[in-house]
>>> print(open('run16.pdb').read())   # PDB, C-alpha atoms
ATOM      1  CA  MET N  27     -17.582  19.759  15.814
ATOM      2  CA  LEU N  28     -15.670  18.143  12.941
ATOM      3  CA  TYR N  29     -13.204  21.053  12.864
ATOM      4  CA  TRP N  30     -12.394  20.703  16.566
ATOM      5  CA  LYS N  31     -12.009  16.951  16.261
ATOM      6  CA  HIS N  32      -9.593  17.412  13.377
ATOM      7  CA  LEU N  33      -7.676  20.088  15.295
ATOM      8  CA  PHE N  34      -7.391  17.830  18.334
ATOM      9  CA  ARG N  35      -6.031  14.972  16.230
ATOM     10  CA  GLU N  36      -3.437  17.269  14.670
ATOM     11  CA  LEU N  37      -2.309  18.525  18.081
ATOM     12  CA  VAL N  38      -1.992  14.972  19.396
ATOM     13  CA  TYR N  39       0.100  14.069  16.351
ATOM     14  CA  LEU N  40       2.551  16.980  16.715
ATOM     15  CA  PRO N  41       4.936  15.299  19.192
ATOM     16  CA  VAL N  42       5.770  12.484  16.738
ATOM     17  CA  VAL N  43       6.377  14.760  13.734
ATOM     18  CA  PRO N  44      10.162  15.038  14.344
ATOM     19  CA  ARG N  45      10.440  11.250  14.485
ATOM     20  CA  ASP N  46       8.512  10.876  11.228
ATOM     21  CA  VAL N  47      10.541  13.551   9.450
ATOM     22  CA  VAL N  48      13.869  11.947  10.341
ATOM     23  CA  TYR N  49      12.657   8.404   9.676
ATOM     24  CA  CYS N  50      11.175   9.194   6.249
ATOM     25  CA  LEU N  51      14.182  11.244   5.152
ATOM     26  CA  VAL N  52      16.524   8.408   6.100
ATOM     27  CA  LYS N  53      14.389   5.615   4.614
ATOM     28  CA  PHE N  54      12.729   7.332   1.636
ATOM     29  CA  GLY N  55      14.867  10.422   1.122
ATOM     30  CA  GLN N  56      11.655  12.462   1.271
ATOM     31  CA  TRP N  57       8.975  13.685   3.636
ATOM     32  CA  HIS N  58       5.802  15.753   3.295
ATOM     33  CA  PRO N  59       3.913  17.534   6.092
ATOM     34  CA  SER N  60       0.627  15.993   4.901
ATOM     35  CA  TRP N  61       1.840  12.456   5.685
ATOM     36  CA  ARG N  62       0.523  10.718   8.796
ATOM     37  CA  LEU N  63       2.287   7.690  10.254
ATOM     38  CA  TYR N  64       0.398   6.047  13.099
ATOM     39  CA  GLY N  65       3.065   3.832  14.562
ATOM     40  CA  CYS N  66       6.425   3.488  12.862
ATOM     41  CA  PRO N  67       6.328   1.484   9.600
ATOM     42  CA  LEU N  68       9.098  -0.829   8.412
ATOM     43  CA  ILE N  69      10.633   0.696   5.293
ATOM     44  CA  SER N  70      13.519  -0.755   3.316
ATOM     45  CA  ALA N  71      14.380   0.941   0.021
ATOM     46  CA  HIS N  72      17.547   0.112  -1.888
ATOM     47  CA  ARG N  73      19.579   3.170  -2.822
ATOM     48  CA  GLU N  74      19.058   2.302  -6.508
ATOM     49  CA  ALA N  75      15.281   1.905  -6.138
ATOM     50  CA  SER N  76      12.932   4.679  -7.217
ATOM     51  CA  VAL N  77      10.261   5.435  -4.600
ATOM     52  CA  SER N  78       7.751   8.292  -4.747
ATOM     53  CA  VAL N  79       4.888   8.981  -2.355
ATOM     54  CA  GLY N  80       2.166  11.578  -2.967
ATOM     55  CA  HIS N  81       0.417  13.968  -0.595
ATOM     56  CA  ASN N  82      -1.872  12.923   2.260
ATOM     57  CA  TRP N  83      -0.390   9.461   2.676
ATOM     58  CA  THR N  84      -1.597   7.641   5.788
ATOM     59  CA  ALA N  85       0.229   4.554   7.073
ATOM     60  CA  CYS N  86      -1.314   2.858  10.104
ATOM     61  CA  SER N  87       0.931   0.455  11.989
ATOM     62  CA  SER N  88      -0.944   0.741  15.281
ATOM     63  CA  PRO N  89      -4.074  -1.244  16.213
ATOM     64  CA  ARG N  90      -5.427   1.838  18.010
ATOM     65  CA  HIS N  91      -6.046   3.595  14.702
ATOM     66  CA  ASN N  92      -7.818   0.862  12.728
ATOM     67  CA  SER N  93     -11.259  -0.596  13.398
ATOM     68  CA  LEU N  94     -10.061  -4.141  12.622
ATOM     69  CA  GLY N  95      -6.737  -3.665  14.329
ATOM     70  CA  VAL N  96      -3.434  -4.509  12.679
ATOM     71  CA  PHE N  97      -1.326  -7.610  13.330
ATOM     72  CA  GLN N  98       1.816  -6.138  11.790
ATOM     73  CA  LYS N  99       3.374  -2.821  10.891
ATOM     74  CA  VAL N 100       3.082  -1.307   7.423
ATOM     75  CA  THR N 101       6.013  -2.945   5.612
ATOM     76  CA  ILE N 102       7.389  -1.460   2.400
ATOM     77  CA  LYS N 103      10.320  -3.045   0.573
ATOM     78  CA  ALA N 104      11.734  -1.685  -2.677
ATOM     79  CA  PHE N 105      14.590  -3.734  -4.046
ATOM     80  CA  ARG N 106      17.401  -2.756  -6.382
ATOM     81  CA  SER N 107      16.194  -1.036  -9.590
ATOM     82  CA  ALA N 108      12.547  -1.306  -8.473
ATOM     83  CA  GLU N 109      10.034   1.464  -9.132
ATOM     84  CA  LEU N 110       7.388   2.082  -6.468
ATOM     85  CA  LYS N 111       4.885   4.894  -6.896
ATOM     86  CA  ILE N 112       2.212   5.721  -4.318
ATOM     87  CA  GLY N 113      -0.294   8.407  -5.319
ATOM     88  CA  ASP N 114      -2.136  11.104  -3.373
ATOM     89  CA  ARG N 115      -4.583  10.366  -0.531
ATOM     90  CA  VAL N 116      -3.560   6.730  -0.153
ATOM     91  CA  GLY N 117      -4.395   5.020   3.134
ATOM     92  CA  MET N 118      -2.904   1.727   4.288
ATOM     93  CA  SER N 119      -3.047  -0.331   7.491
ATOM     94  CA  GLY N 120      -0.662  -3.156   8.336
ATOM     95  CA  VAL N 121       0.030  -3.624   4.628
ATOM     96  CA  SER N 122       3.000  -5.466   3.089
ATOM     97  CA  ILE N 123       4.299  -4.101  -0.211
ATOM     98  CA  SER N 124       7.173  -5.963  -1.846
ATOM     99  CA  CYS N 125       8.440  -4.250  -4.994
ATOM    100  CA  SER N 126      11.224  -5.830  -7.032
ATOM    101  CA  LEU N 127      10.160  -4.534 -10.461
ATOM    102  CA  SER N 128       7.304  -2.005 -10.565
ATOM    103  CA  ILE N 129       4.248  -1.274  -8.433
ATOM    104  CA  GLU N 130       2.063   1.752  -9.088
ATOM    105  CA  ILE N 131      -0.708   2.715  -6.656
ATOM    106  CA  GLY N 132      -3.024   5.479  -7.878
ATOM    107  CA  ASN N 133      -4.802   8.291  -6.056
ATOM    108  CA  ASP N 134      -7.548   7.774  -3.442
ATOM    109  CA  VAL N 135      -6.667   4.107  -2.925
ATOM    110  CA  LEU N 136      -7.397   2.294   0.341
ATOM    111  CA  LEU N 137      -5.392  -0.769   1.359
ATOM    112  CA  GLY N 138      -7.082  -2.747   4.137
ATOM    113  CA  SER N 139      -5.544  -4.256   7.233
ATOM    114  CA  GLY N 140      -2.992  -6.932   6.433
ATOM    115  CA  ALA N 141      -3.253  -6.738   2.634
ATOM    116  CA  VAL N 142      -0.253  -7.962   0.620
ATOM    117  CA  ILE N 143       0.907  -6.545  -2.716
ATOM    118  CA  THR N 144       3.823  -8.129  -4.558
ATOM    119  CA  ASP N 145       5.179  -7.970  -8.089
ATOM    120  CA  SER N 146       7.201 -11.182  -7.895
ATOM    121  CA  ASP N 147       7.018 -14.811  -6.796
ATOM    122  CA  ALA N 148       9.823 -14.115  -4.263
ATOM    123  CA  HIS N 149      11.556 -17.334  -5.358
ATOM    124  CA  PRO N 150      11.468 -19.722  -8.351
ATOM    125  CA  LEU N 151       8.704 -22.318  -8.296
ATOM    126  CA  HIS N 152      10.920 -25.298  -9.094
ATOM    127  CA  PHE N 153      12.819 -26.402  -6.000
ATOM    128  CA  GLU N 154      16.054 -26.992  -7.929
ATOM    129  CA  GLU N 155      16.102 -23.360  -9.083
ATOM    130  CA  ARG N 156      15.320 -21.654  -5.772
ATOM    131  CA  ALA N 157      18.916 -20.607  -5.181
ATOM    132  CA  ASP N 158      18.965 -18.770  -8.541
ATOM    133  CA  ALA N 159      17.454 -15.284  -8.198
ATOM    134  CA  SER N 160      17.479 -14.819 -11.985
ATOM    135  CA  LYS N 161      14.705 -17.428 -12.243
ATOM    136  CA  ILE N 162      12.248 -15.433 -10.105
ATOM    137  CA  ALA N 163       9.166 -14.434 -12.120
ATOM    138  CA  ARG N 164       8.298 -10.711 -11.955
ATOM    139  CA  ALA N 165       5.559  -8.588 -13.523
ATOM    140  CA  ARG N 166       4.294  -5.031 -13.002
ATOM    141  CA  VAL N 167       1.348  -4.337 -10.681
ATOM    142  CA  VAL N 168      -0.988  -1.367 -11.174
ATOM    143  CA  ILE N 169      -3.757  -0.336  -8.784
ATOM    144  CA  GLU N 170      -5.798   2.422 -10.392
ATOM    145  CA  ASP N 171      -7.434   5.450  -8.752
ATOM    146  CA  GLY N 172     -10.160   4.866  -6.192
ATOM    147  CA  ALA N 173      -9.612   1.143  -5.751
ATOM    148  CA  PHE N 174     -10.135  -0.514  -2.377
ATOM    149  CA  ILE N 175      -8.188  -3.632  -1.381
ATOM    150  CA  GLY N 176      -9.910  -5.428   1.504
ATOM    151  CA  ALA N 177      -8.326  -6.782   4.664
ATOM    152  CA  ARG N 178      -5.963  -9.759   4.244
ATOM    153  CA  ALA N 179      -6.330  -9.697   0.441
ATOM    154  CA  ILE N 180      -3.321 -10.677  -1.678
ATOM    155  CA  VAL N 181      -2.507  -8.982  -4.984
ATOM    156  CA  LEU N 182      -0.066 -11.014  -7.053
ATOM    157  CA  LYS N 183       2.355 -10.109  -9.829
ATOM    158  CA  GLY N 184       1.176  -8.879 -13.222
ATOM    159  CA  VAL N 185      -2.221  -7.681 -11.994
ATOM    160  CA  ARG N 186      -4.021  -4.465 -12.913
ATOM    161  CA  ILE N 187      -6.867  -3.465 -10.613
ATOM    162  CA  GLY N 188      -9.234  -1.107 -12.402
ATOM    163  CA  ARG N 189     -10.461   2.297 -11.314
ATOM    164  CA  GLY N 190     -12.891   2.160  -8.376
ATOM    165  CA  ALA N 191     -12.718  -1.632  -8.091
ATOM    166  CA  VAL N 192     -13.123  -3.392  -4.740
ATOM    167  CA  VAL N 193     -11.176  -6.494  -3.757
ATOM    168  CA  GLY N 194     -13.000  -8.438  -1.057
ATOM    169  CA  ALA N 195     -11.378  -9.383   2.227
ATOM    170  CA  GLY N 196      -9.120 -12.409   1.948
ATOM    171  CA  ALA N 197      -9.275 -12.540  -1.849
ATOM    172  CA  VAL N 198      -6.285 -13.750  -3.858
ATOM    173  CA  VAL N 199      -5.993 -11.667  -7.024
ATOM    174  CA  SER N 200      -4.042 -13.362  -9.810
ATOM    175  CA  ARG N 201      -5.813 -11.755 -12.813
ATOM    176  CA  ASP N 202      -6.819  -8.249 -13.840
ATOM    177  CA  VAL N 203      -9.836  -6.756 -12.088
ATOM    178  CA  PRO N 204     -12.256  -4.682 -14.218
ATOM    179  CA  ALA N 205     -12.995  -1.108 -13.203
ATOM    180  CA  MET N 206     -16.003  -0.555 -10.899
ATOM    181  CA  SER N 207     -16.356  -4.216 -10.026
ATOM    182  CA  VAL N 208     -16.186  -6.267  -6.833
ATOM    183  CA  VAL N 209     -14.078  -9.425  -6.768
ATOM    184  CA  ALA N 210     -13.874 -12.061  -4.055
ATOM    185  CA  GLY N 211     -12.534 -15.550  -3.442
ATOM    186  CA  ASN N 212      -9.466 -17.571  -4.318
ATOM    187  CA  PRO N 213      -8.823 -17.097  -7.148
ATOM    188  CA  ALA N 214     -10.689 -13.788  -7.121
ATOM    189  CA  LYS N 215     -13.698 -13.562  -9.444
ATOM    190  CA  VAL N 216     -16.168 -10.780 -10.211
ATOM    191  CA  VAL N 217     -19.202 -11.049  -7.941
ATOM    192  CA  LYS N 218     -20.765  -7.632  -8.435
ATOM    193  CA  VAL N 219     -20.700  -4.505 -10.576
ATOM    194  CA  ILE N 220     -20.608  -1.198  -8.701
ATOM    195  CA  LYS N 221     -23.248   1.283  -9.843
ATOM    196  CA  ARG N 222     -23.783   4.902  -8.986
ATOM    197  CA  HIS N 223     -26.459   5.800  -6.422
ATOM    198  CA  GLY N 224     -29.877   5.695  -8.056
ATOM    199  CA  GLU N 225     -28.910   3.339 -10.871
TER     200      GLU N 225
END
>>> encode(input="run16.pdb", output="structure tokens")
Amino acid sequence: MLYWKHLFRELVYLPVVPRDVVYCLVKFGQWHPSWRLYGCPLISAHREASVSVGHNWTACSSPRHNSLGVFQKVTIKAFRSAELKIGDRVGMSGVSISCSLSIEIGNDVLLGSGAVITDSDAHPLHFEERADASKIARARVVIEDGAFIGARAIVLKGVRIGRGAVVGAGAVVSRDVPAMSVVAGNPAKVVKVIKRHGE
């Protein structure tokens, strides 16, 4: 039954493949047949940015393909000289990624509906400096393999999320998250350690 369901989904997807190929080649300069775009994402990558996306990437910009629905399209922005790396088997729904320095997303990562990931403050904190882009604070973000970022969570600059960690829905992550832990709240704090079945 699972095989036929998978086959049906692939057949339904076929008509939009040409759109996805052209769109990704224009926006990313790359495309892979394992990618699945449900609804057209918003992608803006500067010609001097470095963007790489692994195999089996799924980007859901349509509420029909997410149990929570999505209130916006997947939005990916890579600014001048930025480095954005998305690993293999990464799934994202209605996510906003703003990369002005460096964001690395590992393999087998899930990004929940409406999550935000940014490596900068977007503007200086002091109001008198907001017209000066050189004053914007930036720091690298790393999300390690197997992590899960919950719906509406926000991952701020300079954060490393450890392997297999879970960020609770709506959490605001401003500090590193240990591997195999669950964090929640604002600011996000460890609320649980993830153990293997039977432990």
>>> residues_near_point(input="run16.pdb", point="(-15.1, 0.2, -14.7)", cutoff="8 Å", atoms="only C-alpha atoms", output="CSV table (one decimal) with C-alpha atoms, keeping the file's coordinate frame")
chain,number,residue,atom,x,y,z
N,188,GLY,CA,-9.2,-1.1,-12.4
N,189,ARG,CA,-10.5,2.3,-11.3
N,190,GLY,CA,-12.9,2.2,-8.4
N,191,ALA,CA,-12.7,-1.6,-8.1
N,204,PRO,CA,-12.3,-4.7,-14.2
N,205,ALA,CA,-13.0,-1.1,-13.2
N,206,MET,CA,-16.0,-0.6,-10.9
N,207,SER,CA,-16.4,-4.2,-10.0
>>> atom_distance(input="run16.pdb", atom1="CA of Ser78 in chain N", atom2="CA of Cys125 in chain N")
12.6 Å
>>> atom_distance(input="run16.pdb", atom1="CA of Gly120 in chain N", atom2="CA of Phe97 in chain N")
6.7 Å
>>> residues_around(input="run16.pdb", residues="range 167-178 of chain N", least_positions_apart="2", cutoff="9 Å", atoms="all atoms listed in the file", output="ChimeraX atom specification")
/N:94,113,119,121,127-145,165,180-197,205-206
>>> closest_residue(input="run16.pdb", among="N:Ala71, N:Cys50, N:Leu63, N:Leu40", to="Ile123 in chain N", atoms="all atoms listed in the file")
N:Ala71
>>> axis_aligned_box(input="run16.pdb", around="range 93-111 of chain N", padding_each_side="5 Å", output="JSON")
{"center_x": 3.1, "center_y": -1.4, "center_z": 2.4, "size_x": 38.7, "size_y": 22.5, "size_z": 33.9}
>>> atom_distance(input="run16.pdb", atom1="CA of Ala108 in chain N", atom2="CA of Asp147 in chain N")
14.7 Å
>>> closest_residue(input="run16.pdb", among="N:Tyr39, N:Ile102, N:Arg73, N:Asp202", to="Gly55 in chain N", atoms="all atoms listed in the file")
N:Arg73
>>> resolve_selection(input="run16.pdb", expression="the PyMOL selection byres ((chain N and resi 49) around 12)", output="list of chain:residue names")
N:Val42, N:Val43, N:Pro44, N:Arg45, N:Asp46, N:Val47, N:Val48, N:Cys50, N:Leu51, N:Val52, N:Lys53, N:Phe54, N:Gly55, N:Gln56, N:Trp57, N:His58, N:Leu63, N:Gly65, N:Cys66, N:Pro67, N:Leu68, N:Ile69, N:Ser70
>>> write_last_selection(input="run16.pdb", atoms="C-alpha atoms", output="compact mmCIF listing (two decimals), keeping the file's coordinate frame")
# COMPACT_ATOMS: atom_id res chain seq x y z
CA VAL N 42 5.77 12.48 16.74
CA VAL N 43 6.38 14.76 13.73
CA PRO N 44 10.16 15.04 14.34
CA ARG N 45 10.44 11.25 14.48
CA ASP N 46 8.51 10.88 11.23
CA VAL N 47 10.54 13.55 9.45
CA VAL N 48 13.87 11.95 10.34
CA CYS N 50 11.18 9.19 6.25
CA LEU N 51 14.18 11.24 5.15
CA VAL N 52 16.52 8.41 6.10
CA LYS N 53 14.39 5.62 4.61
CA PHE N 54 12.73 7.33 1.64
CA GLY N 55 14.87 10.42 1.12
CA GLN N 56 11.66 12.46 1.27
CA TRP N 57 8.98 13.68 3.64
CA HIS N 58 5.80 15.75 3.30
CA LEU N 63 2.29 7.69 10.25
CA GLY N 65 3.06 3.83 14.56
CA CYS N 66 6.42 3.49 12.86
CA PRO N 67 6.33 1.48 9.60
CA LEU N 68 9.10 -0.83 8.41
CA ILE N 69 10.63 0.70 5.29
CA SER N 70 13.52 -0.76 3.32
>>> closest_residue(input="run16.pdb", among="N:Pro150, N:Arg115, N:Gly211, N:Glu155", to="Val79 in chain N", atoms="only C-alpha atoms")
N:Arg115
>>> resolve_selection(input="run16.pdb", expression="the PyMOL selection byres ((chain N and resi 86) around 6)", output="compact mmCIF listing (two decimals) with C-alpha atoms, in the frame of the given file")
# COMPACT_ATOMS: atom_id res chain seq x y z
CA TYR N 64 0.40 6.05 13.10
CA ALA N 85 0.23 4.55 7.07
CA SER N 87 0.93 0.46 11.99
CA SER N 88 -0.94 0.74 15.28
CA SER N 119 -3.05 -0.33 7.49
>>> closest_residue(input="run16.pdb", among="N:Ser60, N:Ser200, N:Thr101, N:Thr84", to="Val116 in chain N", atoms="all atoms listed in the file")
N:Thr84
>>> residues_around(input="run16.pdb", residues="Val198 in chain N", least_positions_apart="5", cutoff="6 Å", atoms="all atoms listed in the file", output="list in words")
Ala179, Ile180, Asn212, Pro213 and Ala214 of chain N
>>> write_last_selection(input="run16.pdb", atoms="C-alpha atoms", output="compact mmCIF listing (two decimals), keeping the file's coordinate frame")
# COMPACT_ATOMS: atom_id res chain seq x y z
CA ALA N 179 -6.33 -9.70 0.44
CA ILE N 180 -3.32 -10.68 -1.68
CA ASN N 212 -9.47 -17.57 -4.32
CA PRO N 213 -8.82 -17.10 -7.15
CA ALA N 214 -10.69 -13.79 -7.12
>>> closest_residue(input="run16.pdb", among="N:Val217, N:Ala157, N:Leu151, N:Leu110", to="Ser126 in chain N", atoms="all atoms listed in the file")
N:Leu110
>>> build_atoms(input="run16.pdb", residues="range 117-128 of chain N", atoms="all heavy atoms", output="compact mmCIF listing (two decimals), keeping the file's coordinate frame")
# COMPACT_ATOMS: atom_id res chain seq x y z
N GLY N 117 -4.39 5.48 1.75
CA GLY N 117 -4.39 5.02 3.13
C GLY N 117 -4.10 3.54 3.19
O GLY N 117 -4.60 2.76 2.38
N MET N 118 -3.25 3.14 4.15
CA MET N 118 -2.90 1.73 4.29
C MET N 118 -2.74 1.37 5.76
O MET N 118 -2.28 2.18 6.56
CB MET N 118 -1.63 1.40 3.50
CG MET N 118 -0.43 2.25 3.84
SD MET N 118 1.05 1.87 2.83
CE MET N 118 0.56 2.47 1.22
N SER N 119 -3.15 0.15 6.12
CA SER N 119 -3.05 -0.33 7.49
C SER N 119 -2.42 -1.72 7.52
O SER N 119 -2.95 -2.64 6.89
CB SER N 119 -4.43 -0.40 8.14
OG SER N 119 -5.01 0.87 8.24
N GLY N 120 -1.30 -1.85 8.20
CA GLY N 120 -0.66 -3.16 8.34
C GLY N 120 -0.39 -3.85 7.03
O GLY N 120 -0.41 -5.08 6.94
N VAL N 121 -0.13 -3.10 5.99
CA VAL N 121 0.03 -3.62 4.63
C VAL N 121 1.48 -4.05 4.39
O VAL N 121 2.41 -3.44 4.92
CB VAL N 121 -0.38 -2.54 3.61
CG1 VAL N 121 0.01 -2.92 2.20
CG2 VAL N 121 -1.87 -2.28 3.70
N SER N 122 1.67 -5.08 3.56
CA SER N 122 3.00 -5.47 3.09
C SER N 122 3.08 -5.20 1.59
O SER N 122 2.28 -5.74 0.83
CB SER N 122 3.27 -6.95 3.35
OG SER N 122 3.47 -7.19 4.72
N ILE N 123 4.05 -4.37 1.20
CA ILE N 123 4.30 -4.10 -0.21
C ILE N 123 5.73 -4.53 -0.52
O ILE N 123 6.68 -4.04 0.08
CB ILE N 123 4.12 -2.61 -0.54
CG1 ILE N 123 2.67 -2.17 -0.27
CG2 ILE N 123 4.50 -2.32 -1.99
CD1 ILE N 123 2.43 -0.68 -0.42
N SER N 124 5.86 -5.47 -1.44
CA SER N 124 7.17 -5.96 -1.85
C SER N 124 7.36 -5.67 -3.32
O SER N 124 6.71 -6.27 -4.17
CB SER N 124 7.28 -7.47 -1.58
OG SER N 124 8.53 -7.95 -2.03
N CYS N 125 8.26 -4.73 -3.62
CA CYS N 125 8.44 -4.25 -4.99
C CYS N 125 9.85 -4.58 -5.48
O CYS N 125 10.83 -4.02 -4.99
CB CYS N 125 8.20 -2.74 -5.04
SG CYS N 125 8.35 -2.03 -6.69
N SER N 126 9.92 -5.50 -6.45
CA SER N 126 11.22 -5.83 -7.03
C SER N 126 11.31 -5.40 -8.49
O SER N 126 12.40 -5.40 -9.07
CB SER N 126 11.50 -7.33 -6.92
OG SER N 126 10.52 -8.07 -7.63
N LEU N 127 10.17 -5.00 -9.08
CA LEU N 127 10.16 -4.53 -10.46
C LEU N 127 9.42 -3.20 -10.55
O LEU N 127 10.04 -2.14 -10.68
CB LEU N 127 9.50 -5.57 -11.37
CG LEU N 127 9.41 -5.20 -12.85
CD1 LEU N 127 10.79 -5.13 -13.46
CD2 LEU N 127 8.52 -6.18 -13.60
N SER N 128 8.09 -3.23 -10.46
CA SER N 128 7.30 -2.00 -10.56
C SER N 128 5.92 -2.19 -9.95
O SER N 128 5.20 -3.11 -10.33
CB SER N 128 7.14 -1.58 -12.04
OG SER N 128 6.30 -0.47 -12.16
